[in-house]
Amino acid sequence: MKVDKTAILGAGAWGTALASLWGKNGRQISLWSHNAARIVRMEQTRENGDYLPGVKLPRLVEVTSKLGDCAGADLIVFVTPSTALRDIAIRLREFIANPRAVFLSCTKGIEHMTGMRMSQIVHEVFPDHRIAVLSGPNLAVEVAQHLPTATVIGCDDINCAESLQGILGSSRFRIYTSQDVISIELGGALKNVFAVAAGISDGLKLGDNSKAALVTRSLRELVRLGVGMGGNVNSFYGLSGTGDLILTCYSERSRNHTVGKRLGRGESVAQISASMKAVAEGIPTARSAWECARRLNIATPIIDQVYAVLYEEKKPTVALEELLRREQKAEQL
């Protein structure tokens, strides 16, 4: 696979971090944002002051608000909010100019109502192109600072995954490969819901014992629902399952953990959402995961309570009490 130009769709923190990483590695990058005013500021300052202040963009990174500027790229990377991915993919389709372009989804989410993973949406819009996914315990700011990071790229075509590994990986961005696309995507998406739960626990000041138990049971629930949705049980114990779950539940830099913490302290979902520039994917994914669990008749007590707090105005203290009052039983691993 030859990649002379890479287009990154989405100039949030993660998209900007990847542009910085790959631009410094000598790759020609086009970084797209729908926000034309932000692009003007980025052109002037050479940094994304809204999402990743202090990180200068390498000279090989071009910024644009025109989707057509990305259409000829050899590799097109989706780093958009999950709720916007379908619309942006459809808009891109009218411009696409490279029949051999490979698509890489770095977006973590599950579509509302359809229950589709992000790569499934991209495949529906671009059925003739190869599609890969990337996920793992990757905080944008640390990637931009070139701190050591590991992640996993999944693709049905292992040769494609290995090519992308060689093209995009480096000593500070270690990439593993897999053909288990389903598990990689579900691990990266579902962990955000449990991060909200972990944040609520911290906001309520329940202590480390409680949080350790919550995260352990969250992993069990993630595996149970993930397998029900077609994933492989063993894959969920890798980087885009256990690894991402640990990071997102414990890092103070995690947006989803922050949302939960503020909920635990008494703020409303509306207040929190209005004050955040970036999307916390745990909010829409909680609804999608709850829907998927209902369709599959899979027990997801933690997801159910997060959903109730986010969408039914249940108080976090009440949600906690209902979890604690569940019948005691043998541990199932």
# chains A, B, ... in the order shown; residues from 1 in each chain; ligands from 1

$ residues_around --residues "range 254-263 of chain A" --least-positions-apart "6" --cutoff "7 Å" --atoms "only C-alpha atoms" --output "PDB file with N, CA, C and O atoms, in the first residue's frame"
ATOM      1  N   ASN A 192     -16.599   3.894  27.165  1.00  0.00           N
ATOM      2  CA  ASN A 192     -16.948   5.275  27.513  1.00  0.00           C
ATOM      3  C   ASN A 192     -18.145   5.351  28.457  1.00  0.00           C
ATOM      4  O   ASN A 192     -18.230   6.253  29.292  1.00  0.00           O
ATOM      5  N   ALA A 195     -16.885   4.588  31.852  1.00  0.00           N
ATOM      6  CA  ALA A 195     -16.092   5.708  32.369  1.00  0.00           C
ATOM      7  C   ALA A 195     -16.995   6.743  33.018  1.00  0.00           C
ATOM      8  O   ALA A 195     -16.613   7.373  34.017  1.00  0.00           O
ATOM      9  N   VAL A 196     -18.183   6.936  32.463  1.00  0.00           N
ATOM     10  CA  VAL A 196     -19.152   7.843  33.095  1.00  0.00           C
ATOM     11  C   VAL A 196     -19.522   7.299  34.476  1.00  0.00           C
ATOM     12  O   VAL A 196     -19.572   8.045  35.462  1.00  0.00           O
ATOM     13  N   ALA A 197     -19.747   5.993  34.555  1.00  0.00           N
ATOM     14  CA  ALA A 197     -20.078   5.379  35.841  1.00  0.00           C
ATOM     15  C   ALA A 197     -18.935   5.553  36.843  1.00  0.00           C
ATOM     16  O   ALA A 197     -19.155   5.871  38.021  1.00  0.00           O
ATOM     17  N   ALA A 198     -17.695   5.349  36.383  1.00  0.00           N
ATOM     18  CA  ALA A 198     -16.538   5.514  37.264  1.00  0.00           C
ATOM     19  C   ALA A 198     -16.410   6.956  37.735  1.00  0.00           C
ATOM     20  O   ALA A 198     -16.056   7.218  38.887  1.00  0.00           O
ATOM     21  N   GLY A 199     -16.693   7.890  36.849  1.00  0.00           N
ATOM     22  CA  GLY A 199     -16.654   9.296  37.235  1.00  0.00           C
ATOM     23  C   GLY A 199     -17.714   9.630  38.274  1.00  0.00           C
ATOM     24  O   GLY A 199     -17.463  10.393  39.213  1.00  0.00           O
ATOM     25  N   ILE A 200     -18.913   9.057  38.110  1.00  0.00           N
ATOM     26  CA  ILE A 200     -19.965   9.262  39.111  1.00  0.00           C
ATOM     27  C   ILE A 200     -19.499   8.758  40.468  1.00  0.00           C
ATOM     28  O   ILE A 200     -19.693   9.416  41.501  1.00  0.00           O
ATOM     29  N   ASP A 202     -16.484   8.586  41.590  1.00  0.00           N
ATOM     30  CA  ASP A 202     -15.527   9.550  42.139  1.00  0.00           C
ATOM     31  C   ASP A 202     -16.216  10.827  42.599  1.00  0.00           C
ATOM     32  O   ASP A 202     -15.851  11.418  43.628  1.00  0.00           O
ATOM     33  N   GLY A 203     -17.216  11.267  41.819  1.00  0.00           N
ATOM     34  CA  GLY A 203     -17.943  12.470  42.199  1.00  0.00           C
ATOM     35  C   GLY A 203     -18.681  12.308  43.515  1.00  0.00           C
ATOM     36  O   GLY A 203     -18.830  13.266  44.279  1.00  0.00           O
ATOM     37  N   THR A 248      -9.667   5.171  30.637  1.00  0.00           N
ATOM     38  CA  THR A 248     -10.789   6.100  30.619  1.00  0.00           C
ATOM     39  C   THR A 248     -11.478   6.193  31.974  1.00  0.00           C
ATOM     40  O   THR A 248     -12.030   7.244  32.322  1.00  0.00           O
ATOM     41  N   ILE A 272     -23.622  20.268  31.984  1.00  0.00           N
ATOM     42  CA  ILE A 272     -22.313  19.729  31.614  1.00  0.00           C
ATOM     43  C   ILE A 272     -22.101  19.827  30.111  1.00  0.00           C
ATOM     44  O   ILE A 272     -21.051  20.292  29.643  1.00  0.00           O
ATOM     45  N   ALA A 280     -18.422  14.181  24.627  1.00  0.00           N
ATOM     46  CA  ALA A 280     -18.142  13.027  25.477  1.00  0.00           C
ATOM     47  C   ALA A 280     -18.950  11.857  24.916  1.00  0.00           C
ATOM     48  O   ALA A 280     -20.178  11.802  25.074  1.00  0.00           O
ATOM     49  N   GLY A 282     -19.473   8.934  25.697  1.00  0.00           N
ATOM     50  CA  GLY A 282     -20.237   8.086  26.595  1.00  0.00           C
ATOM     51  C   GLY A 282     -21.698   8.462  26.668  1.00  0.00           C
ATOM     52  O   GLY A 282     -22.548   7.610  26.974  1.00  0.00           O
TER      53      GLY A 282
END

$ closest_residue --among "A:Lys205, A:Arg326, A:Arg287, A:Lys66" --to "Leu310 in chain A" --atoms "only C-alpha atoms"
A:Arg287

$ closest_residue --among "A:Leu190, A:Leu52, A:Val141, A:Cys70" --to "Ala89 in chain A" --atoms "only C-alpha atoms"
A:Cys70

$ closest_atom_pairs --of "range 261-325 of chain A" --to "range 96-113 of chain A" --cutoff "12 Å" --atoms "only C-alpha atoms" --output "CSV"
residue,atom,partner,partner_atom,distance
A:Val279,CA,A:Lys108,CA,11.1
A:Ala280,CA,A:Lys108,CA,10.3
A:Glu281,CA,A:Gly109,CA,6.6
A:Gly282,CA,A:Gly109,CA,8.1
A:Ile283,CA,A:Gly109,CA,9.9
A:Pro284,CA,A:His112,CA,7.5
A:Thr285,CA,A:Gly109,CA,5.8
A:Ala286,CA,A:Ile110,CA,9.0
A:Arg287,CA,A:His112,CA,7.0
A:Ser288,CA,A:His112,CA,4.9
A:Ala289,CA,A:Ile110,CA,7.3
A:Trp290,CA,A:His112,CA,9.9
A:Glu291,CA,A:Met113,CA,7.2
A:Cys292,CA,A:Met113,CA,8.6
A:Ala293,CA,A:Met113,CA,12.0
A:Arg294,CA,A:Met113,CA,11.6
A:Arg295,CA,A:Met113,CA,10.5

$ write_last_selection --atoms "N, CA and C atoms" --output "PDB file, in the first residue's frame"
ATOM      1  N   VAL A 279     -17.087  16.560  22.445  1.00  0.00           N
ATOM      2  CA  VAL A 279     -18.146  15.586  22.667  1.00  0.00           C
ATOM      3  C   VAL A 279     -17.643  14.492  23.599  1.00  0.00           C
ATOM      4  N   ALA A 280     -18.422  14.181  24.627  1.00  0.00           N
ATOM      5  CA  ALA A 280     -18.142  13.027  25.477  1.00  0.00           C
ATOM      6  C   ALA A 280     -18.950  11.857  24.916  1.00  0.00           C
ATOM      7  N   GLU A 281     -18.284  10.942  24.234  1.00  0.00           N
ATOM      8  CA  GLU A 281     -18.979   9.889  23.501  1.00  0.00           C
ATOM      9  C   GLU A 281     -19.779   8.957  24.399  1.00  0.00           C
ATOM     10  N   GLY A 282     -19.473   8.934  25.697  1.00  0.00           N
ATOM     11  CA  GLY A 282     -20.237   8.086  26.595  1.00  0.00           C
ATOM     12  C   GLY A 282     -21.698   8.462  26.668  1.00  0.00           C
ATOM     13  N   ILE A 283     -22.019   9.731  26.385  1.00  0.00           N
ATOM     14  CA  ILE A 283     -23.419  10.168  26.466  1.00  0.00           C
ATOM     15  C   ILE A 283     -24.259   9.545  25.358  1.00  0.00           C
ATOM     16  N   PRO A 284     -23.933   9.723  24.069  1.00  0.00           N
ATOM     17  CA  PRO A 284     -24.745   9.054  23.042  1.00  0.00           C
ATOM     18  C   PRO A 284     -24.584   7.534  23.051  1.00  0.00           C
ATOM     19  N   THR A 285     -23.394   7.044  23.406  1.00  0.00           N
ATOM     20  CA  THR A 285     -23.182   5.598  23.386  1.00  0.00           C
ATOM     21  C   THR A 285     -23.985   4.904  24.474  1.00  0.00           C
ATOM     22  N   ALA A 286     -24.222   5.566  25.610  1.00  0.00           N
ATOM     23  CA  ALA A 286     -25.043   4.959  26.660  1.00  0.00           C
ATOM     24  C   ALA A 286     -26.428   4.624  26.119  1.00  0.00           C
ATOM     25  N   ARG A 287     -26.986   5.522  25.338  1.00  0.00           N
ATOM     26  CA  ARG A 287     -28.312   5.266  24.757  1.00  0.00           C
ATOM     27  C   ARG A 287     -28.252   4.126  23.755  1.00  0.00           C
ATOM     28  N   SER A 288     -27.240   4.138  22.875  1.00  0.00           N
ATOM     29  CA  SER A 288     -27.118   3.088  21.863  1.00  0.00           C
ATOM     30  C   SER A 288     -26.865   1.729  22.503  1.00  0.00           C
ATOM     31  N   ALA A 289     -25.989   1.696  23.518  1.00  0.00           N
ATOM     32  CA  ALA A 289     -25.686   0.433  24.189  1.00  0.00           C
ATOM     33  C   ALA A 289     -26.920  -0.103  24.910  1.00  0.00           C
ATOM     34  N   TRP A 290     -27.671   0.780  25.543  1.00  0.00           N
ATOM     35  CA  TRP A 290     -28.913   0.386  26.224  1.00  0.00           C
ATOM     36  C   TRP A 290     -29.896  -0.217  25.226  1.00  0.00           C
ATOM     37  N   GLU A 291     -30.009   0.399  24.054  1.00  0.00           N
ATOM     38  CA  GLU A 291     -30.896  -0.126  23.010  1.00  0.00           C
ATOM     39  C   GLU A 291     -30.448  -1.506  22.540  1.00  0.00           C
ATOM     40  N   CYS A 292     -29.139  -1.662  22.324  1.00  0.00           N
ATOM     41  CA  CYS A 292     -28.605  -2.949  21.857  1.00  0.00           C
ATOM     42  C   CYS A 292     -28.845  -4.043  22.891  1.00  0.00           C
ATOM     43  N   ALA A 293     -28.643  -3.726  24.160  1.00  0.00           N
ATOM     44  CA  ALA A 293     -28.863  -4.710  25.220  1.00  0.00           C
ATOM     45  C   ALA A 293     -30.326  -5.133  25.279  1.00  0.00           C
ATOM     46  N   ARG A 294     -31.239  -4.191  25.063  1.00  0.00           N
ATOM     47  CA  ARG A 294     -32.671  -4.531  25.076  1.00  0.00           C
ATOM     48  C   ARG A 294     -32.999  -5.461  23.905  1.00  0.00           C
ATOM     49  N   ARG A 295     -32.455  -5.158  22.721  1.00  0.00           N
ATOM     50  CA  ARG A 295     -32.747  -5.994  21.549  1.00  0.00           C
ATOM     51  C   ARG A 295     -32.218  -7.410  21.731  1.00  0.00           C
TER      52      ARG A 295
END

$ residues_around --residues "Gly136 in chain A" --least-positions-apart "3" --cutoff "8 Å" --atoms "only C-alpha atoms" --output "PyMOL selection string"
chain A and resi 150-152+188+239-241+243-244

$ select_by_dssp --residues "range 134-221 of chain A" --states "strand (DSSP E or B)" --output "PDB file with C-alpha atoms, in the first residue's frame"
ATOM      1  CA  LEU A 134      -7.968   2.076  15.229  1.00  0.00           C
ATOM      2  CA  SER A 135      -8.609   2.049  18.966  1.00  0.00           C
ATOM      3  CA  THR A 149       1.485   4.922  23.443  1.00  0.00           C
ATOM      4  CA  ALA A 150       0.151   1.592  22.187  1.00  0.00           C
ATOM      5  CA  THR A 151      -2.902   1.037  20.032  1.00  0.00           C
ATOM      6  CA  VAL A 152      -4.405  -1.586  17.728  1.00  0.00           C
ATOM      7  CA  ILE A 153      -5.461  -1.436  14.078  1.00  0.00           C
ATOM      8  CA  GLY A 154      -8.066  -3.914  12.921  1.00  0.00           C
ATOM      9  CA  CYS A 155      -9.007  -4.868   9.383  1.00  0.00           C
ATOM     10  CA  SER A 170       6.600   4.630  15.284  1.00  0.00           C
ATOM     11  CA  PHE A 173       3.162   5.099  18.755  1.00  0.00           C
ATOM     12  CA  ARG A 174       3.309   1.326  18.869  1.00  0.00           C
ATOM     13  CA  ILE A 175       0.636  -0.309  16.709  1.00  0.00           C
ATOM     14  CA  TYR A 176      -0.575  -3.894  17.025  1.00  0.00           C
ATOM     15  CA  THR A 177      -2.708  -5.560  14.339  1.00  0.00           C
ATOM     16  CA  SER A 178      -5.822  -7.697  14.429  1.00  0.00           C
TER      17      SER A 178
END

$ atom_distance --atom1 "CA of Lys56 in chain A" --atom2 "CA of Ala71 in chain A"
24.9 Å

$ residues_around --residues "Leu168 in chain A" --least-positions-apart "6" --cutoff "9 Å" --atoms "only C-alpha atoms" --output "VMD selection string"
chain A and resid 22 25 27 175

$ write_last_selection --atoms "N, CA and C atoms" --output "PDB file, in the first residue's frame"
ATOM      1  N   TRP A  22       1.628  12.242  12.952  1.00  0.00           N
ATOM      2  CA  TRP A  22       2.002  11.750  11.621  1.00  0.00           C
ATOM      3  C   TRP A  22       2.695  12.819  10.788  1.00  0.00           C
ATOM      4  N   ASN A  25       6.206  12.776  11.655  1.00  0.00           N
ATOM      5  CA  ASN A  25       6.845  11.582  11.110  1.00  0.00           C
ATOM      6  C   ASN A  25       7.083  11.674   9.604  1.00  0.00           C
ATOM      7  N   ARG A  27       4.762  12.672   7.129  1.00  0.00           N
ATOM      8  CA  ARG A  27       3.641  12.376   6.257  1.00  0.00           C
ATOM      9  C   ARG A  27       2.915  13.664   5.872  1.00  0.00           C
ATOM     10  N   ILE A 175       1.885   0.200  17.254  1.00  0.00           N
ATOM     11  CA  ILE A 175       0.636  -0.309  16.709  1.00  0.00           C
ATOM     12  C   ILE A 175       0.680  -1.833  16.638  1.00  0.00           C
TER      13      ILE A 175
END
